file coords-v6.cif (mmCIF, C-alpha atoms)
data_run
loop_
_atom_site.label_atom_id
_atom_site.label_comp_id
_atom_site.auth_asym_id
_atom_site.auth_seq_id
_atom_site.Cartn_x
_atom_site.Cartn_y
_atom_site.Cartn_z
CA MET A 8 50.29 7.55 -22.95
CA PRO A 9 48.81 4.74 -25.03
CA GLY A 10 48.96 4.90 -28.81
CA ARG A 11 50.78 7.30 -31.05
CA PRO A 12 50.58 11.00 -30.15
CA THR A 13 48.47 13.11 -32.47
CA ALA A 14 48.58 16.73 -33.56
CA LEU A 15 46.64 19.44 -35.36
CA ILE A 16 48.32 22.23 -37.36
CA ALA A 17 46.45 25.49 -38.04
CA ASP A 18 47.89 28.11 -40.40
CA ASP A 19 46.26 30.12 -43.17
CA GLU A 20 49.26 29.54 -45.45
CA PRO A 21 49.09 25.99 -46.95
CA LEU A 22 52.78 25.85 -47.85
CA LEU A 23 53.74 26.67 -44.27
CA ARG A 24 51.36 24.03 -42.93
CA ASP A 25 53.04 21.49 -45.20
CA ALA A 26 56.51 22.71 -44.21
CA LEU A 27 55.78 22.31 -40.48
CA THR A 28 54.30 18.86 -41.13
CA ARG A 29 57.53 17.79 -42.84
CA GLN A 30 59.66 19.26 -40.06
CA LEU A 31 57.63 17.44 -37.42
CA ALA A 32 57.99 14.18 -39.36
CA ARG A 33 61.76 14.53 -39.01
CA ALA A 34 61.81 15.81 -35.44
CA TRP A 35 59.06 13.53 -34.08
CA PRO A 36 58.49 10.49 -36.35
CA GLU A 37 55.98 8.93 -33.94
CA LEU A 38 53.65 11.94 -34.16
CA ASP A 39 50.56 11.66 -36.36
CA VAL A 40 49.34 14.97 -37.80
CA VAL A 41 45.64 14.12 -37.97
CA ALA A 42 44.28 17.48 -39.15
CA GLN A 43 45.34 20.69 -40.90
CA ALA A 44 43.19 23.79 -40.50
CA ARG A 45 43.16 27.00 -42.56
CA ASN A 46 41.87 29.22 -39.75
CA GLY A 47 40.82 29.24 -36.13
CA ARG A 48 37.25 28.21 -36.89
CA GLU A 49 38.44 25.09 -38.70
CA ALA A 50 40.95 24.41 -35.92
CA ILE A 51 38.14 24.28 -33.35
CA LYS A 52 35.99 22.10 -35.61
CA TYR A 53 38.79 19.62 -36.35
CA PHE A 54 39.86 19.57 -32.71
CA GLU A 55 36.38 18.60 -31.57
CA ALA A 56 36.27 15.85 -34.21
CA ARG A 57 39.75 14.38 -33.71
CA ARG A 58 40.80 15.47 -30.17
CA PRO A 59 44.56 15.63 -30.92
CA ASP A 60 47.08 15.69 -28.09
CA VAL A 61 48.92 18.77 -29.42
CA CYS A 62 47.74 21.83 -31.36
CA PHE A 63 50.14 24.03 -33.33
CA LEU A 64 48.24 27.31 -33.80
CA ASP A 65 49.28 30.28 -35.91
CA VAL A 66 48.64 33.44 -33.88
CA HIS A 67 47.36 35.49 -36.83
CA MET A 68 44.68 33.85 -38.96
CA PRO A 69 41.69 35.39 -40.74
CA GLY A 70 38.39 35.27 -38.89
CA VAL A 71 39.00 33.37 -35.67
CA SER A 72 42.64 33.83 -34.58
CA GLY A 73 44.87 31.17 -33.09
CA VAL A 74 44.50 32.83 -29.69
CA GLU A 75 40.70 32.63 -29.89
CA ALA A 76 40.91 28.99 -30.98
CA ALA A 77 43.19 28.28 -28.03
CA HIS A 78 40.52 29.74 -25.70
CA GLN A 79 38.02 27.22 -27.05
CA ILE A 80 40.43 24.29 -26.85
CA GLY A 81 41.56 25.23 -23.36
CA ARG A 82 43.36 22.56 -21.34
CA ARG A 83 42.14 19.70 -23.52
CA ALA A 84 45.37 19.76 -25.57
CA HIS A 85 48.96 20.91 -25.28
CA LEU A 86 49.23 24.21 -27.16
CA VAL A 87 52.08 25.59 -29.25
CA PHE A 88 51.74 29.03 -30.80
CA VAL A 89 53.43 29.70 -34.13
CA THR A 90 54.11 33.34 -34.96
CA ALA A 91 56.06 35.54 -37.34
CA TYR A 92 56.63 38.09 -34.59
CA ASP A 93 58.97 37.90 -31.61
CA GLN A 94 56.68 40.37 -29.82
CA TYR A 95 54.48 37.45 -28.77
CA ALA A 96 57.40 35.83 -26.93
CA VAL A 97 56.22 37.49 -23.75
CA GLN A 98 57.65 36.72 -20.33
CA ALA A 99 55.27 33.82 -19.77
CA PHE A 100 56.65 32.14 -22.89
CA ALA A 101 60.22 32.70 -21.72
CA GLU A 102 59.34 31.11 -18.39
CA GLY A 103 58.02 28.02 -20.15
CA VAL A 104 54.34 28.56 -19.41
CA LEU A 105 53.49 28.11 -23.08
CA ASP A 106 55.52 26.89 -26.03
CA TYR A 107 55.90 29.01 -29.13
CA LEU A 108 57.74 28.82 -32.45
CA VAL A 109 58.85 31.78 -34.57
CA LYS A 110 58.53 31.53 -38.35
CA PRO A 111 60.49 30.39 -40.23
CA VAL A 112 60.68 27.50 -37.75
CA GLU A 113 64.25 26.54 -36.93
CA ALA A 114 65.08 22.85 -36.48
CA ALA A 115 66.88 23.37 -33.17
CA ARG A 116 64.01 25.34 -31.66
CA LEU A 117 61.48 22.77 -32.88
CA ALA A 118 63.55 19.97 -31.34
CA GLU A 119 63.43 21.73 -27.94
CA THR A 120 59.66 22.14 -28.18
CA VAL A 121 59.18 18.50 -29.22
CA ALA A 122 61.30 17.31 -26.27
CA ARG A 123 59.16 19.27 -23.80
CA LEU A 124 55.94 17.97 -25.34
CA GLN A 125 57.21 14.40 -25.27
CA ASP A 126 58.10 14.73 -21.58
CA ARG A 127 54.64 16.05 -20.75
CA LEU A 128 52.91 13.29 -22.70
CA ARG A 129 55.08 10.55 -21.16
CA ALA A 130 54.34 11.89 -17.69
CA ALA A 131 50.65 12.17 -18.58
CA GLN A 132 50.75 15.78 -17.42
CA PRO A 133 47.58 17.75 -18.00
CA ALA A 134 47.82 20.63 -20.44
CA LEU A 135 48.96 23.87 -18.84
CA ASN A 136 46.47 26.42 -17.57
CA THR A 137 47.08 29.31 -19.93
CA GLU A 138 43.92 31.38 -19.44
CA ALA A 139 45.71 34.45 -18.07
CA LEU A 140 48.29 34.41 -20.86
CA LEU A 141 45.62 33.93 -23.53
CA ARG A 142 43.69 36.90 -22.16
CA ASP A 143 46.87 38.99 -22.36
CA LEU A 144 47.57 37.92 -25.95
CA ALA A 145 43.95 38.53 -26.97
CA ALA A 146 44.16 42.04 -25.49
CA GLN A 147 47.35 42.73 -27.48
CA LEU A 148 45.65 41.64 -30.70
CA ALA A 149 42.52 43.66 -29.93
CA ARG A 150 44.62 46.78 -29.32
CA GLY A 151 46.37 46.23 -32.61
CA THR A 152 49.74 46.33 -30.89
CA ALA A 153 52.38 47.09 -33.49
CA PRO A 154 54.39 43.97 -34.25
CA ALA A 155 58.13 43.82 -33.98
CA PRO A 156 59.92 44.59 -37.25
CA LEU A 157 59.56 41.86 -39.87
CA ARG A 158 62.33 39.28 -39.85
CA TRP A 159 61.42 37.65 -43.19
CA LEU A 160 59.00 37.83 -46.09
CA ARG A 161 57.08 35.07 -47.83
CA ALA A 162 57.31 35.37 -51.60
CA GLN A 163 55.98 33.07 -54.30
CA VAL A 164 58.58 32.33 -56.99
CA GLY A 165 56.95 30.00 -59.52
CA GLN A 166 55.77 26.99 -57.53
CA THR A 167 58.20 27.67 -54.70
CA LEU A 168 57.51 29.62 -51.52
CA ARG A 169 60.65 31.57 -50.68
CA LEU A 170 61.30 32.73 -47.14
CA ILE A 171 63.38 35.86 -47.65
CA PRO A 172 65.28 37.22 -44.63
CA VAL A 173 64.51 40.93 -44.39
CA ASP A 174 68.19 41.70 -43.75
CA GLU A 175 68.96 40.37 -47.25
CA ILE A 176 66.49 42.70 -49.00
CA ASP A 177 68.12 45.51 -51.02
CA TYR A 178 64.96 47.42 -51.86
CA LEU A 179 61.21 47.20 -52.38
CA ARG A 180 59.31 48.85 -55.22
CA SER A 181 55.57 49.27 -55.60
CA ASP A 182 54.18 47.43 -58.64
CA THR A 183 50.43 48.14 -58.95
CA LYS A 184 48.75 45.65 -56.57
CA TYR A 185 52.04 43.94 -55.74
CA THR A 186 55.43 44.87 -54.32
CA LEU A 187 58.66 43.89 -56.02
CA VAL A 188 61.21 42.53 -53.53
CA ALA A 189 64.86 42.69 -54.61
CA TRP A 190 67.15 40.67 -52.38
CA ARG A 191 70.43 38.83 -52.20
CA GLY A 192 69.68 35.28 -53.28
CA ASP A 193 71.83 32.18 -53.11
CA ALA A 194 75.56 32.92 -52.83
CA GLY A 195 74.79 36.63 -52.78
CA HIS A 196 73.34 36.72 -56.31
CA PRO A 197 70.53 39.27 -56.81
CA GLY A 198 67.01 37.85 -56.81
CA GLU A 199 63.56 39.33 -57.34
CA ALA A 200 60.02 38.29 -56.45
CA LEU A 201 56.55 39.79 -56.12
CA VAL A 202 54.53 39.74 -52.91
CA ARG A 203 50.80 40.43 -52.58
CA ILE A 204 51.30 43.12 -49.95
CA ALA A 205 51.06 46.84 -50.67
CA LEU A 206 54.26 48.80 -50.12
CA LYS A 207 52.56 51.08 -47.59
CA ASP A 208 51.62 48.05 -45.48
CA LEU A 209 55.17 46.69 -45.60
CA VAL A 210 56.73 50.01 -44.61
CA ALA A 211 54.87 49.95 -41.30
CA GLN A 212 56.42 46.57 -40.47
CA LEU A 213 60.04 47.33 -41.36
CA ASP A 214 62.78 48.52 -39.02
CA ALA A 215 62.88 52.30 -39.54
CA GLU A 216 66.57 52.39 -38.61
CA GLN A 217 67.43 50.03 -41.47
CA PHE A 218 64.86 50.82 -44.19
CA ALA A 219 63.91 54.23 -45.55
CA GLN A 220 61.21 55.29 -47.97
CA VAL A 221 62.92 57.44 -50.63
CA HIS A 222 60.10 57.74 -53.15
CA ARG A 223 56.36 57.11 -53.03
CA SER A 224 57.02 53.78 -54.73
CA VAL A 225 60.49 52.83 -53.35
CA VAL A 226 61.88 51.71 -50.00
CA VAL A 227 65.59 50.98 -49.69
CA ASN A 228 67.76 49.07 -47.23
CA LEU A 229 70.25 51.71 -46.07
CA ARG A 230 72.92 49.03 -45.68
CA ALA A 231 72.65 48.21 -49.40
CA ILE A 232 73.49 51.74 -50.54
CA SER A 233 76.84 52.29 -52.26
CA HIS A 234 76.50 56.04 -52.86
CA VAL A 235 73.98 58.74 -53.69
CA THR A 236 74.26 61.23 -56.54
CA ARG A 237 72.39 64.51 -56.70
CA GLY A 238 70.16 65.09 -59.70
CA ASP A 239 68.26 68.01 -61.18
CA ASN A 240 65.23 69.67 -59.58
CA GLU A 241 66.03 68.62 -56.03
CA THR A 242 66.14 64.90 -56.74
CA ALA A 243 68.82 62.25 -56.31
CA GLY A 244 69.71 58.72 -57.37
CA ILE A 245 70.69 55.83 -55.09
CA HIS A 246 73.38 53.45 -56.34
CA LEU A 247 73.37 50.01 -54.76
CA LYS A 248 76.18 47.63 -53.90
CA GLY A 249 76.44 44.95 -56.60
CA ARG A 250 73.34 46.09 -58.51
CA PRO A 251 73.12 48.15 -61.71
CA GLU A 252 69.78 49.81 -61.04
CA VAL A 253 69.64 53.38 -59.73
CA LEU A 254 66.75 54.12 -57.38
CA PRO A 255 65.04 57.51 -57.50
CA VAL A 256 64.90 59.83 -54.51
CA SER A 257 62.03 62.31 -54.77
CA ARG A 258 62.15 65.84 -53.43
CA SER A 259 59.99 64.90 -50.43
CA TYR A 260 62.65 62.47 -49.17
CA LEU A 261 65.81 64.30 -50.15
CA HIS A 262 66.29 65.52 -46.58
CA LEU A 263 67.39 61.98 -45.67
CA PHE A 264 70.58 62.56 -47.66
CA ARG A 265 71.35 66.21 -46.88
CA GLN A 266 74.86 65.33 -45.68
CA MET A 267 75.98 64.02 -49.07
#

call {"tool": "encode", "arguments": {"input": "coords-v6.cif", "output": "C-alpha cells"}}
result
Amino acid sequence: MPGRPTALIADDEPLLRDALTRQLARAWPELDVVAQARNGREAIKYFEARRPDVCFLDVHMPGVSGVEAAHQIGRRAHLVFVTAYDQYAVQAFAEGVLDYLVKPVEAARLAETVARLQDRLRAAQPALNTEALLRDLAAQLARGTAPAPLRWLRAQVGQTLRLIPVDEIDYLRSDTKYTLVAWRGDAGHPGEALVRIALKDLVAQLDAEQFAQVHRSVVVNLRAISHVTRGDNETAGIHLKGRPEVLPVSRSYLHLFRQM
C-alpha cells in the first residue's frame, strides 16, 4: 500500500486517546494518527474528511457509539474495537473476524493486533465484512446487556489518570457526588482517589462474589478483610489488612457476617 498507513482514534476520554496514540507510536512507528474523535459522531465526520486506513473505536461513547460509527464506516477501513469489558469479546472476535482491545491496552495484545493489520494492509486486503457482528453488538447495547465485572477503574489523581485494577481495591465509600476509592498503590502502599461515579452505579459493575455492600455508603473487597468485630445495636466494624480505618456495617447488612 503506497504511503504511510493512517489511523483514527475515537474515545470520549482524552487521556486514554493520548495513551493509545503513544502506545501505537511505539508499536507501529510508521502509522500516522491523523484524527482523534471524542465520540462516534466526530469519528464519522473525521473519517469522511481524512479516510484513514484503520479506525480504533471505543465501544461505549456518548451519543453515537463506536458500534454505530462502525456501521457508517463499514468496509472502508479496518476496524478495531476498544472496550473496557471482556463481554464484547464474542465468538466472532475470538475467531479473528474483528480485532478488539481491552482497556487498559496491554502492549503484547496491541502488538498482535498491529501485526494483523500490517499483514492486511501489505496484502491490500479489503476490510472485513462485519455487518452481522455489528448488528449483534448493537443489539447487545440496545438491550442494555449487563457488562462483565469491572477489571479496573479510571481515577484522576492530580494531573495523572490512574488505572486502578479492581482486584487491588480495598473498599469504596460514597462521598457526596463522588466515590472514594481506597486501593493498594505502588509496592502495596495504601492509596486513595475520587472518581466521578456514584457508588450505586459502581456496585452494579463489581463482582458480587468479591465485593459486598456493608453500609449504604460503603462497599468492601471481601479479600481485604482482616476480621470483623460486633458492635452495639446490631452493628459491626470491619478491620482491614494493613489499614487503620474501621468500616461500619449497618444492621441491614449484618446478615453477611452472621458466622462471626

call {"tool": "residues_near_point", "arguments": {"input": "coords-v6.cif", "point": "(38.2, 22.4, -24.5)", "cutoff": "12 Å", "atoms": "only C-alpha atoms", "output": "ChimeraX atom specification"}}
result
/A:50-52,54-56,58-60,62,75-86,134,136,138

call {"tool": "resolve_selection", "arguments": {"input": "coords-v6.cif", "expression": "the PyMOL selection byres ((chain A and resi 183) around 12)", "output": "ChimeraX atom specification"}}
result
/A:180-182,184-187,201-207,224

call {"tool": "write_last_selection", "arguments": {"input": "coords-v6.cif", "atoms": "C-alpha atoms", "output": "compact mmCIF listing (two decimals), in the frame of the given file"}}
result
# COMPACT_ATOMS: atom_id res chain seq x y z
CA ARG A 180 59.31 48.85 -55.22
CA SER A 181 55.57 49.27 -55.60
CA ASP A 182 54.18 47.43 -58.64
CA LYS A 184 48.75 45.65 -56.57
CA TYR A 185 52.04 43.94 -55.74
CA THR A 186 55.43 44.87 -54.32
CA LEU A 187 58.66 43.89 -56.02
CA LEU A 201 56.55 39.79 -56.12
CA VAL A 202 54.53 39.74 -52.91
CA ARG A 203 50.80 40.43 -52.58
CA ILE A 204 51.30 43.12 -49.95
CA ALA A 205 51.06 46.84 -50.67
CA LEU A 206 54.26 48.80 -50.12
CA LYS A 207 52.56 51.08 -47.59
CA SER A 224 57.02 53.78 -54.73

call {"tool": "atom_distance", "arguments": {"input": "coords-v6.cif", "atom1": "CA of Leu170 in chain A", "atom2": "CA of Thr90 in chain A"}}
result
14.2 Å

call {"tool": "resolve_selection", "arguments": {"input": "coords-v6.cif", "expression": "the PyMOL selection byres ((chain A and resi 34-39) around 10)", "output": "JSON, numbers by chain"}}
result
{"A": [10, 11, 12, 13, 14, 15, 28, 29, 30, 31, 32, 33, 40, 41, 42, 59, 60, 61, 114, 115, 117, 118, 119, 120, 121, 122, 125]}

call {"tool": "residues_around", "arguments": {"input": "coords-v6.cif", "residues": "Pro69 in chain A", "least_positions_apart": "4", "cutoff": "10 Å", "atoms": "all atoms listed in the file", "output": "list in words"}}
result
Asp18, Asp19, Arg45, Asn46, Gly47, Arg48 and Gly73 of chain A

call {"tool": "resolve_selection", "arguments": {"input": "coords-v6.cif", "expression": "the PyMOL selection byres ((chain A and resi 174) around 10)", "output": "JSON, numbers by chain"}}
result
{"A": [157, 158, 159, 171, 172, 173, 175, 176, 177, 190, 191, 214, 217, 218, 228, 230, 231]}

call {"tool": "write_last_selection", "arguments": {"input": "coords-v6.cif", "atoms": "C-alpha atoms", "output": "mmCIF file, in the frame of the given file"}}
result
data_model
loop_
_atom_site.group_PDB
_atom_site.id
_atom_site.type_symbol
_atom_site.label_atom_id
_atom_site.label_comp_id
_atom_site.auth_asym_id
_atom_site.auth_seq_id
_atom_site.Cartn_x
_atom_site.Cartn_y
_atom_site.Cartn_z
ATOM 1 C CA LEU A 157 59.560 41.860 -39.870
ATOM 2 C CA ARG A 158 62.330 39.280 -39.850
ATOM 3 C CA TRP A 159 61.420 37.650 -43.190
ATOM 4 C CA ILE A 171 63.380 35.860 -47.650
ATOM 5 C CA PRO A 172 65.280 37.220 -44.630
ATOM 6 C CA VAL A 173 64.510 40.930 -44.390
ATOM 7 C CA GLU A 175 68.960 40.370 -47.250
ATOM 8 C CA ILE A 176 66.490 42.700 -49.000
ATOM 9 C CA ASP A 177 68.120 45.510 -51.020
ATOM 10 C CA TRP A 190 67.150 40.670 -52.380
ATOM 11 C CA ARG A 191 70.430 38.830 -52.200
ATOM 12 C CA ASP A 214 62.780 48.520 -39.020
ATOM 13 C CA GLN A 217 67.430 50.030 -41.470
ATOM 14 C CA PHE A 218 64.860 50.820 -44.190
ATOM 15 C CA ASN A 228 67.760 49.070 -47.230
ATOM 16 C CA ARG A 230 72.920 49.030 -45.680
ATOM 17 C CA ALA A 231 72.650 48.210 -49.400
#

call {"tool": "closest_residue", "arguments": {"input": "coords-v6.cif", "among": "A:Leu128, A:Arg161, A:Thr242, A:Leu247", "to": "Tyr178 in chain A", "atoms": "all atoms listed in the file"}}
result
A:Leu247

call {"tool": "residues_around", "arguments": {"input": "coords-v6.cif", "residues": "Phe88 in chain A", "least_positions_apart": "3", "cutoff": "7 Å", "atoms": "only C-alpha atoms", "output": "CSV table (one decimal) with C-alpha atoms, in the coordinates of the input"}}
result
chain,number,residue,atom,x,y,z
A,63,PHE,CA,50.1,24.0,-33.3
A,64,LEU,CA,48.2,27.3,-33.8
A,65,ASP,CA,49.3,30.3,-35.9
A,66,VAL,CA,48.6,33.4,-33.9
A,106,ASP,CA,55.5,26.9,-26.0
A,107,TYR,CA,55.9,29.0,-29.1
A,108,LEU,CA,57.7,28.8,-32.4

call {"tool": "atom_distance", "arguments": {"input": "coords-v6.cif", "atom1": "CA of Gln166 in chain A", "atom2": "CA of Glu113 in chain A"}}
result
22.3 Å

call {"tool": "atom_distance", "arguments": {"input": "coords-v6.cif", "atom1": "CA of Ile232 in chain A", "atom2": "CA of Gln163 in chain A"}}
result
25.9 Å
